>>> print(open('data17.csv').read())   # CSV, C-alpha atoms (C1' of nucleotides)
chain,number,residue,atom,x,y,z
U,1,MET,CA,89.2,103.5,167.5
U,2,ASN,CA,89.8,107.0,166.4
U,3,LEU,CA,87.5,109.4,165.0
U,4,ALA,CA,89.1,111.9,167.4
U,5,LYS,CA,91.7,111.9,164.7
U,6,ILE,CA,89.6,114.1,162.4
U,7,GLN,CA,89.0,116.6,165.2
U,8,ALA,CA,92.7,116.5,166.0
U,9,VAL,CA,93.7,117.1,162.5
U,10,ILE,CA,91.4,120.1,162.2
U,11,ALA,CA,92.5,121.4,165.6
U,12,ARG,CA,96.1,121.1,164.5
U,13,ARG,CA,95.5,123.3,161.5
U,14,PHE,CA,94.4,126.0,163.9
U,15,ASP,CA,97.7,125.8,165.7
U,16,LYS,CA,98.6,129.1,164.0
U,17,LEU,CA,96.2,130.7,166.5
U,18,SER,CA,99.1,130.4,168.9
U,19,MET,CA,100.4,133.6,167.4
U,20,HIS,CA,97.5,135.2,169.3
U,21,GLY,CA,98.4,133.4,172.4
U,22,ILE,CA,95.4,131.1,172.3
U,23,GLY,CA,94.6,127.6,171.1
U,24,PHE,CA,91.7,126.1,169.1
U,25,ASN,CA,89.6,125.4,172.2
U,26,ASP,CA,90.1,128.9,173.5
U,27,PHE,CA,89.1,130.3,170.1
U,28,LEU,CA,86.0,128.2,170.1
U,29,ILE,CA,84.9,129.5,173.5
U,30,LEU,CA,85.6,133.1,172.5
U,31,TYR,CA,83.6,132.5,169.3
U,32,LEU,CA,80.6,131.1,171.1
U,33,LEU,CA,80.6,133.9,173.6
U,34,GLN,CA,81.0,136.6,171.1
U,35,GLN,CA,78.0,135.5,169.2
U,36,SER,CA,75.8,135.1,172.2
U,37,PRO,CA,73.5,137.8,173.4
U,38,GLY,CA,75.3,140.0,175.9
U,39,GLU,CA,78.5,138.1,175.0
U,40,LYS,CA,77.8,135.7,177.9
U,41,LEU,CA,76.7,132.2,178.5
U,42,ARG,CA,75.9,130.0,181.5
U,43,ARG,CA,78.6,127.5,182.1
U,44,ALA,CA,76.1,124.7,181.8
U,45,ASP,CA,75.1,125.9,178.3
U,46,LEU,CA,78.7,126.3,177.3
U,47,SER,CA,79.4,122.8,178.3
U,48,GLU,CA,76.5,121.6,176.3
U,49,LYS,CA,77.6,123.5,173.2
U,50,VAL,CA,81.2,122.2,173.2
U,51,GLY,CA,80.3,118.7,174.3
U,52,LEU,CA,82.2,118.6,177.5
U,53,THR,CA,81.0,117.8,181.0
U,54,ALA,CA,80.5,120.6,183.5
U,55,SER,CA,83.8,119.8,185.2
U,56,GLY,CA,85.5,119.8,181.8
U,57,ILE,CA,84.3,123.4,181.3
U,58,THR,CA,85.4,124.5,184.8
U,59,ARG,CA,88.9,123.2,184.0
U,60,MET,CA,89.0,124.6,180.5
U,61,LEU,CA,88.0,128.1,181.5
U,62,LEU,CA,90.4,128.4,184.4
U,63,PRO,CA,93.4,129.4,182.4
U,64,MET,CA,91.3,131.7,180.2
U,65,GLU,CA,90.1,133.4,183.3
U,66,LYS,CA,93.6,133.9,184.5
U,67,MET,CA,94.6,135.3,181.1
U,68,GLY,CA,91.7,137.8,181.4
U,69,LEU,CA,89.9,136.7,178.3
U,70,ILE,CA,86.7,135.9,180.2
U,71,LYS,CA,85.3,136.8,183.6
U,72,ARG,CA,82.6,135.6,185.9
U,73,GLU,CA,79.3,137.3,186.4
U,74,ALA,CA,76.5,136.3,188.8
U,75,HIS,CA,73.0,135.4,187.5
U,76,GLU,CA,70.5,138.1,188.3
U,77,TRP,CA,68.5,136.0,190.7
U,78,ASP,CA,69.7,132.4,190.5
U,79,ALA,CA,72.7,132.1,192.7
U,80,ARG,CA,73.6,128.7,191.4
U,81,VAL,CA,74.6,129.8,188.0
U,82,SER,CA,77.7,131.7,187.0
U,83,TYR,CA,77.9,133.4,183.6
U,84,VAL,CA,81.0,133.3,181.5
U,85,VAL,CA,81.4,136.8,180.1
U,86,LEU,CA,83.7,138.0,177.3
U,87,THR,CA,86.1,140.7,178.6
U,88,ALA,CA,87.2,143.6,176.5
U,89,ALA,CA,90.6,141.9,176.2
U,90,GLY,CA,88.9,138.7,175.2
U,91,ARG,CA,86.9,140.5,172.5
U,92,GLN,CA,90.0,142.1,171.2
U,93,ILE,CA,91.9,138.8,171.0
U,94,TYR,CA,88.9,137.3,169.3
U,95,GLU,CA,88.7,140.0,166.7
U,96,ASP,CA,92.4,139.7,165.9
U,97,ALA,CA,92.3,135.9,165.8
U,98,LYS,CA,89.2,135.9,163.7
U,99,TYR,CA,91.2,136.8,160.6
U,100,THR,CA,93.7,134.0,161.2
U,101,ALA,CA,91.0,131.5,161.8
U,102,ASN,CA,89.0,132.5,158.8
U,103,ALA,CA,92.1,132.1,156.6
U,104,ILE,CA,92.6,128.6,158.1
U,105,ALA,CA,88.9,127.7,157.7
U,106,LYS,CA,89.0,128.8,154.1
U,107,GLU,CA,91.7,126.2,153.4
U,108,ILE,CA,89.5,123.5,154.9
U,109,ILE,CA,86.0,124.2,153.6
U,110,PRO,CA,85.1,123.2,150.1
U,111,VAL,CA,84.5,126.5,148.2
U,112,GLU,CA,81.0,125.6,147.1
U,113,ASN,CA,79.9,125.6,150.8
U,114,LEU,CA,81.3,129.1,151.3
U,115,LYS,CA,78.1,131.1,150.8
U,116,ASN,CA,78.5,134.1,153.1
U,117,ASN,CA,81.9,135.4,153.8
U,118,GLN,CA,82.3,133.7,157.2
U,119,PRO,CA,84.4,130.6,156.8
U,120,VAL,CA,84.8,130.0,160.5
U,121,ALA,CA,81.1,130.2,161.1
U,122,GLU,CA,80.6,127.8,158.1
U,123,LEU,CA,83.2,125.4,159.4
U,124,PHE,CA,81.7,125.3,162.8
U,125,LYS,CA,78.3,124.8,161.3
U,126,LEU,CA,79.5,122.0,159.1
U,127,LEU,CA,81.1,120.2,162.0
U,128,GLY,CA,78.2,121.5,163.9
U,129,GLY,CA,75.5,118.9,164.4
U,130,THR,CA,78.1,116.6,165.8
U,131,ILE,CA,80.9,118.8,167.0
U,132,VAL,CA,80.1,122.2,168.3
N,1,MET,CA,85.0,120.7,169.6
N,2,ASN,CA,84.0,117.2,169.6
N,3,LEU,CA,83.9,114.7,166.9
N,4,ALA,CA,85.3,112.4,169.5
N,5,LYS,CA,81.6,112.3,170.6
N,6,ILE,CA,80.7,110.0,167.7
N,7,GLN,CA,83.4,107.6,168.7
N,8,ALA,CA,82.4,108.0,172.4
N,9,VAL,CA,78.8,107.3,171.5
N,10,ILE,CA,79.6,104.2,169.6
N,11,ALA,CA,82.1,103.0,172.2
N,12,ARG,CA,79.4,103.5,174.9
N,13,ARG,CA,77.0,101.3,173.1
N,14,PHE,CA,79.6,98.6,173.4
N,15,ASP,CA,79.6,99.0,177.2
N,16,LYS,CA,77.7,95.7,177.3
N,17,LEU,CA,81.0,94.0,176.5
N,18,SER,CA,81.8,94.5,180.2
N,19,MET,CA,79.7,91.4,180.8
N,20,HIS,CA,82.7,89.6,179.3
N,21,GLY,CA,85.1,91.6,181.5
N,22,ILE,CA,86.5,93.7,178.6
N,23,GLY,CA,85.9,97.1,177.1
N,24,PHE,CA,85.5,98.4,173.5
N,25,ASN,CA,89.2,99.0,173.0
N,26,ASP,CA,90.1,95.6,174.3
N,27,PHE,CA,87.5,94.0,172.0
N,28,LEU,CA,89.0,96.0,169.1
N,29,ILE,CA,92.4,94.7,169.8
N,30,LEU,CA,91.2,91.1,170.1
N,31,TYR,CA,89.3,91.5,166.9
N,32,LEU,CA,92.4,92.8,165.0
N,33,LEU,CA,94.6,90.0,166.4
N,34,GLN,CA,92.1,87.3,165.7
N,35,GLN,CA,91.9,88.2,162.1
N,36,SER,CA,95.6,88.5,161.6
N,37,PRO,CA,97.7,85.6,160.2
N,38,GLY,CA,99.0,83.7,163.2
N,39,GLU,CA,96.7,85.7,165.5
N,40,LYS,CA,99.6,88.1,166.1
N,41,LEU,CA,100.7,91.6,165.2
N,42,ARG,CA,103.7,93.7,165.7
N,43,ARG,CA,103.1,96.5,168.2
N,44,ALA,CA,104.0,99.1,165.7
N,45,ASP,CA,101.4,97.7,163.2
N,46,LEU,CA,98.8,97.6,165.9
N,47,SER,CA,99.4,101.2,166.8
N,48,GLU,CA,99.0,102.1,163.2
N,49,LYS,CA,95.8,100.2,162.9
N,50,VAL,CA,94.1,101.7,166.0
N,51,GLY,CA,95.5,105.2,165.5
N,52,LEU,CA,97.4,105.4,168.7
N,53,THR,CA,101.1,106.3,169.2
N,54,ALA,CA,103.5,103.5,170.1
N,55,SER,CA,103.4,104.5,173.7
N,56,GLY,CA,99.7,104.6,173.7
N,57,ILE,CA,99.7,100.9,172.6
N,58,THR,CA,102.3,100.0,175.2
N,59,ARG,CA,99.9,101.4,177.9
N,60,MET,CA,96.8,100.0,176.4
N,61,LEU,CA,98.2,96.4,176.2
N,62,LEU,CA,99.6,96.3,179.7
N,63,PRO,CA,96.4,95.4,181.5
N,64,MET,CA,95.4,93.0,178.7
N,65,GLU,CA,98.6,91.3,179.2
N,66,LYS,CA,98.0,91.1,182.9
N,67,MET,CA,94.6,89.6,182.3
N,68,GLY,CA,96.2,87.0,180.1
N,69,LEU,CA,94.3,87.9,176.9
N,70,ILE,CA,97.4,88.5,175.0
N,71,LYS,CA,101.1,87.6,175.4
N,72,ARG,CA,104.4,88.7,174.0
N,73,GLU,CA,106.4,86.8,171.4
N,74,ALA,CA,109.8,87.7,170.1
N,75,HIS,CA,110.4,88.3,166.3
N,76,GLU,CA,112.2,85.4,164.6
N,77,TRP,CA,115.3,87.5,163.9
N,78,ASP,CA,114.6,91.2,164.6
N,79,ALA,CA,115.1,91.6,168.4
N,80,ARG,CA,113.6,95.1,168.3
N,81,VAL,CA,110.1,94.0,167.5
N,82,SER,CA,107.8,92.3,169.9
N,83,TYR,CA,104.7,90.5,168.7
N,84,VAL,CA,101.4,90.8,170.4
N,85,VAL,CA,99.8,87.3,170.3
N,86,LEU,CA,96.3,86.2,171.2
N,87,THR,CA,96.3,83.7,174.0
N,88,ALA,CA,93.9,80.8,174.2
N,89,ALA,CA,92.1,82.7,176.9
N,90,GLY,CA,92.0,85.8,174.7
N,91,ARG,CA,90.5,83.8,171.8
N,92,GLN,CA,87.9,82.4,174.1
N,93,ILE,CA,86.9,85.8,175.4
N,94,TYR,CA,86.8,87.1,171.9
N,95,GLU,CA,84.6,84.2,170.7
N,96,ASP,CA,82.2,84.9,173.5
N,97,ALA,CA,82.2,88.6,173.2
N,98,LYS,CA,81.7,88.4,169.4
N,99,TYR,CA,78.0,87.5,169.8
N,100,THR,CA,77.4,90.4,172.1
N,101,ALA,CA,79.3,92.8,169.8
N,102,ASN,CA,77.5,91.6,166.7
N,103,ALA,CA,74.2,92.2,168.3
N,104,ILE,CA,75.3,95.7,169.2
N,105,ALA,CA,76.7,96.4,165.8
N,106,LYS,CA,73.5,95.2,164.2
N,107,GLU,CA,71.6,98.0,166.1
N,108,ILE,CA,74.0,100.6,164.7
N,109,ILE,CA,74.5,99.6,161.1
N,110,PRO,CA,71.9,100.5,158.5
N,111,VAL,CA,70.4,97.2,157.3
N,112,GLU,CA,71.2,97.9,153.6
N,113,ASN,CA,74.9,97.8,154.4
N,114,LEU,CA,74.7,94.5,156.1
N,115,LYS,CA,75.8,92.3,153.3
N,116,ASN,CA,77.5,89.3,154.8
N,117,ASN,CA,76.5,88.3,158.3
N,118,GLN,CA,79.3,90.0,160.1
N,119,PRO,CA,78.0,93.2,161.6
N,120,VAL,CA,81.1,93.9,163.7
N,121,ALA,CA,83.3,93.5,160.7
N,122,GLU,CA,81.0,95.8,158.7
N,123,LEU,CA,80.9,98.4,161.4
N,124,PHE,CA,84.7,98.5,161.7
N,125,LYS,CA,84.9,98.7,158.0
N,126,LEU,CA,82.4,101.6,157.8
N,127,LEU,CA,84.2,103.5,160.5
N,128,GLY,CA,87.3,102.1,158.9
N,129,GLY,CA,89.0,104.6,156.6
N,130,THR,CA,89.0,107.1,159.5
N,131,ILE,CA,88.8,105.0,162.6
N,132,VAL,CA,90.3,101.5,162.7
K,1,DG,C1',56.0,126.0,204.8
K,2,DC,C1',58.8,122.1,204.8
K,3,DA,C1',60.8,117.9,203.0
K,4,DT,C1',62.5,116.1,199.0
K,5,DA,C1',64.2,116.5,194.5
K,6,DA,C1',66.6,118.7,190.9
K,7,DT,C1',70.2,121.9,189.0
K,8,DC,C1',74.7,124.3,188.8
K,9,DA,C1',79.3,124.4,189.6
K,10,DT,C1',83.7,122.8,191.8
K,11,DT,C1',86.9,119.4,193.5
K,12,DG,C1',89.7,114.9,194.2
K,13,DA,C1',90.8,110.7,192.1
K,14,DT,C1',91.5,108.3,188.1
K,15,DT,C1',92.1,107.3,183.1
K,16,DA,C1',93.7,107.5,178.4
K,17,DG,C1',96.4,109.6,175.8
K,18,DT,C1',100.5,112.7,174.2
K,19,DC,C1',105.4,114.0,173.6
K,20,DA,C1',110.3,113.8,174.5
K,21,DA,C1',114.0,111.1,175.9
K,22,DG,C1',116.2,106.8,176.5
K,23,DT,C1',117.5,101.9,175.4
K,24,DA,C1',118.3,98.4,172.3
K,25,DT,C1',118.8,96.7,167.9
K,26,DA,C1',119.4,96.9,162.6
K,27,DT,C1',121.1,98.7,158.4
K,28,DG,C1',123.9,101.2,155.1
K,29,DT,C1',128.3,103.3,153.9
K,30,DC,C1',132.9,104.1,153.7
B,1,DG,C1',134.2,96.4,161.0
B,2,DA,C1',133.0,100.9,162.9
B,3,DC,C1',130.1,104.8,162.8
B,4,DA,C1',125.8,107.3,161.5
B,5,DT,C1',121.3,106.9,161.1
B,6,DA,C1',116.9,104.7,161.4
B,7,DT,C1',113.4,101.7,163.7
B,8,DA,C1',110.9,99.4,167.7
B,9,DC,C1',109.5,99.8,172.0
B,10,DT,C1',109.3,101.7,176.9
B,11,DT,C1',109.2,105.2,180.4
B,12,DG,C1',108.5,109.7,182.9
B,13,DA,C1',106.2,113.9,183.0
B,14,DC,C1',102.4,116.0,181.6
B,15,DT,C1',97.5,117.3,179.7
B,16,DA,C1',92.8,116.9,179.0
B,17,DA,C1',89.1,114.7,180.1
B,18,DT,C1',86.0,111.7,182.9
B,19,DC,C1',83.2,110.2,187.1
B,20,DA,C1',81.6,110.4,191.7
B,21,DA,C1',81.0,113.1,195.6
B,22,DT,C1',80.0,117.6,197.6
B,23,DG,C1',78.2,122.2,198.5
B,24,DA,C1',75.1,125.5,197.5
B,25,DT,C1',70.8,127.0,195.8
B,26,DT,C1',66.3,126.7,193.7
B,27,DA,C1',62.0,124.2,192.5
B,28,DT,C1',58.1,121.1,193.6
B,29,DG,C1',54.5,118.3,196.0
B,30,DC,C1',51.7,117.9,199.5
>>> encode(input="data17.csv", output="structure tokens")
Amino acid sequence: MNLAKIQAVIARRFDKLSMHGIGFNDFLILYLLQQSPGEKLRRADLSEKVGLTASGITRMLLPMEKMGLIKREAHEWDARVSYVVLTAAGRQIYEDAKYTANAIAKEIIPVENLKNNQPVAELFKLLGGTIV
Amino acid sequence: MNLAKIQAVIARRFDKLSMHGIGFNDFLILYLLQQSPGEKLRRADLSEKVGLTASGITRMLLPMEKMGLIKREAHEWDARVSYVVLTAAGRQIYEDAKYTANAIAKEIIPVENLKNNQPVAELFKLLGGTIV
DNA sequence: GCATAATCATTGATTAGTCAAGTATATGTC
DNA sequence: GACATATACTTGACTAATCAATGATTATGC
């Protein structure tokens, strides 16, 4: 009864991100948005990527929206979907936080797995299949 | 963001335990008690074993106590500690649920790891280091 | 073209857990 | 033997998530 521990331990390492005013989950969202075409994702897709339910996503994004890290955008023709879009402020925070996050990820990932110079990407990929 | 998924997936498989009126966590508690000397454990030790905080344990055990699966027992000389003891009813439920749980565990564990004929024990041991 | 079904997002109610503080008891030191 | 500190547990306040229900919109079958 607690695999969540692993996730908690990793997430805790990322507590340093608070120096940028965001947490692990926020960073993950920004990361996913930033690497998506148009820096946007449908809420349904986002929920699928992070492994939360739709309502979980709604609730997780609320404060990020208030902070101005992300904003809403309507789908071109499907009125049911609402895109989550990275704002300029969000992109800026992400760019700043990236360095911190990479440093943390470098402490976690075994060096031999560090092929390209993108520790966070590698970490998320490693956890990937199961996590992100 | 979700290693908890693994745990959730496994726990969900154990939903069948509801036919015995208990859930995965309840079964885990019963399991741990049943294999402890005197069928009892200090709350602190239990919390350590399942990876919850002390308060988490207090809250998890409350309904089980109401259902009469477990009961309290004072420590012989240390008035701070309170043992969690398996009741006769609890043992009975455990014995019944064990068969269901073993069947489920057998579906999850790779056959080559099934040495002795105690799938649940093996499963918990496999998850062990990190989980139980 | 209309009825029915499916999809997307939000909301209220609930659950499972955390942390911080509090209570009670034990232990070590002087 | 009294005080400081540590340990065991409980409680209140809070957080993060779930589910079930709902509203809105789009897709499908006939």
>>> closest_residue(input="data17.csv", among="N:Glu65, N:Glu76, N:Glu107, N:Asp45", to="chain B", atoms="only C-alpha atoms (C1' of nucleotides)")
N:Asp45
>>> closest_residue(input="data17.csv", among="U:Gly51, U:Pro37, U:Gly68, U:Gly90", to="chain N", atoms="all atoms listed in the file")
U:Gly51
>>> residues_around(input="data17.csv", residues="K:DG17", least_positions_apart="4", cutoff="9 Å", atoms="all atoms listed in the file", output="PyMOL selection string")
(chain N and resi 52-53+55-56) or (chain B and resi 15-16)
>>> atom_distance(input="data17.csv", atom1="atom CA of U:Leu17", atom2="atom CA of U:Val120")
12.9 Å
>>> closest_atom_pairs(input="data17.csv", of="chain B", to="chain U", cutoff="8 Å", atoms="only C-alpha atoms (C1' of nucleotides)", output="CSV")
residue,atom,partner,partner_atom,distance
B:DA17,C1',U:Gly56,CA,6.5
B:DA24,C1',U:Arg80,CA,7.0
B:DT25,C1',U:Arg80,CA,5.5
B:DT26,C1',U:Asp78,CA,7.4
>>> residues_around(input="data17.csv", residues="B:DG29", least_positions_apart="2", cutoff="12 Å", atoms="only C-alpha atoms (C1' of nucleotides)", output="NGL selection string")
(:K and (1-5)) or (:B and (27))
>>> write_last_selection(input="data17.csv", atoms="C-alpha atoms (C1' of nucleotides)", output="compact mmCIF listing (two decimals), keeping the file's coordinate frame")
# COMPACT_ATOMS: atom_id res chain seq x y z
C1' DG K 1 56.00 126.00 204.80
C1' DC K 2 58.80 122.10 204.80
C1' DA K 3 60.80 117.90 203.00
C1' DT K 4 62.50 116.10 199.00
C1' DA K 5 64.20 116.50 194.50
C1' DA B 27 62.00 124.20 192.50
>>> atom_distance(input="data17.csv", atom1="atom CA of U:Ala74", atom2="atom CA of U:Tyr31")
21.1 Å
>>> interface_residues(input="data17.csv", of="chain K", to="chain U", cutoff="8 Å", atoms="only C-alpha atoms (C1' of nucleotides)", output="NGL selection string")
:K and (7-10)
>>> write_last_selection(input="data17.csv", atoms="C-alpha atoms (C1' of nucleotides)", output="mmCIF file, keeping the file's coordinate frame")
data_model
loop_
_atom_site.group_PDB
_atom_site.id
_atom_site.type_symbol
_atom_site.label_atom_id
_atom_site.label_comp_id
_atom_site.auth_asym_id
_atom_site.auth_seq_id
_atom_site.Cartn_x
_atom_site.Cartn_y
_atom_site.Cartn_z
ATOM 1 C "C1'" DT K 7 70.200 121.900 189.000
ATOM 2 C "C1'" DC K 8 74.700 124.300 188.800
ATOM 3 C "C1'" DA K 9 79.300 124.400 189.600
ATOM 4 C "C1'" DT K 10 83.700 122.800 191.800
#
>>> closest_residue(input="data17.csv", among="U:Met67, U:Ala97, U:Val85, U:Leu46", to="chain N", atoms="only C-alpha atoms")
U:Leu46
>>> atom_distance(input="data17.csv", atom1="atom CA of N:Leu123", atom2="atom CA of N:Ile109")
6.5 Å
>>> residues_around(input="data17.csv", residues="N:Lys16", least_positions_apart="3", cutoff="8 Å", atoms="all atoms listed in the file", output="PyMOL selection string")
chain N and resi 13+19+100
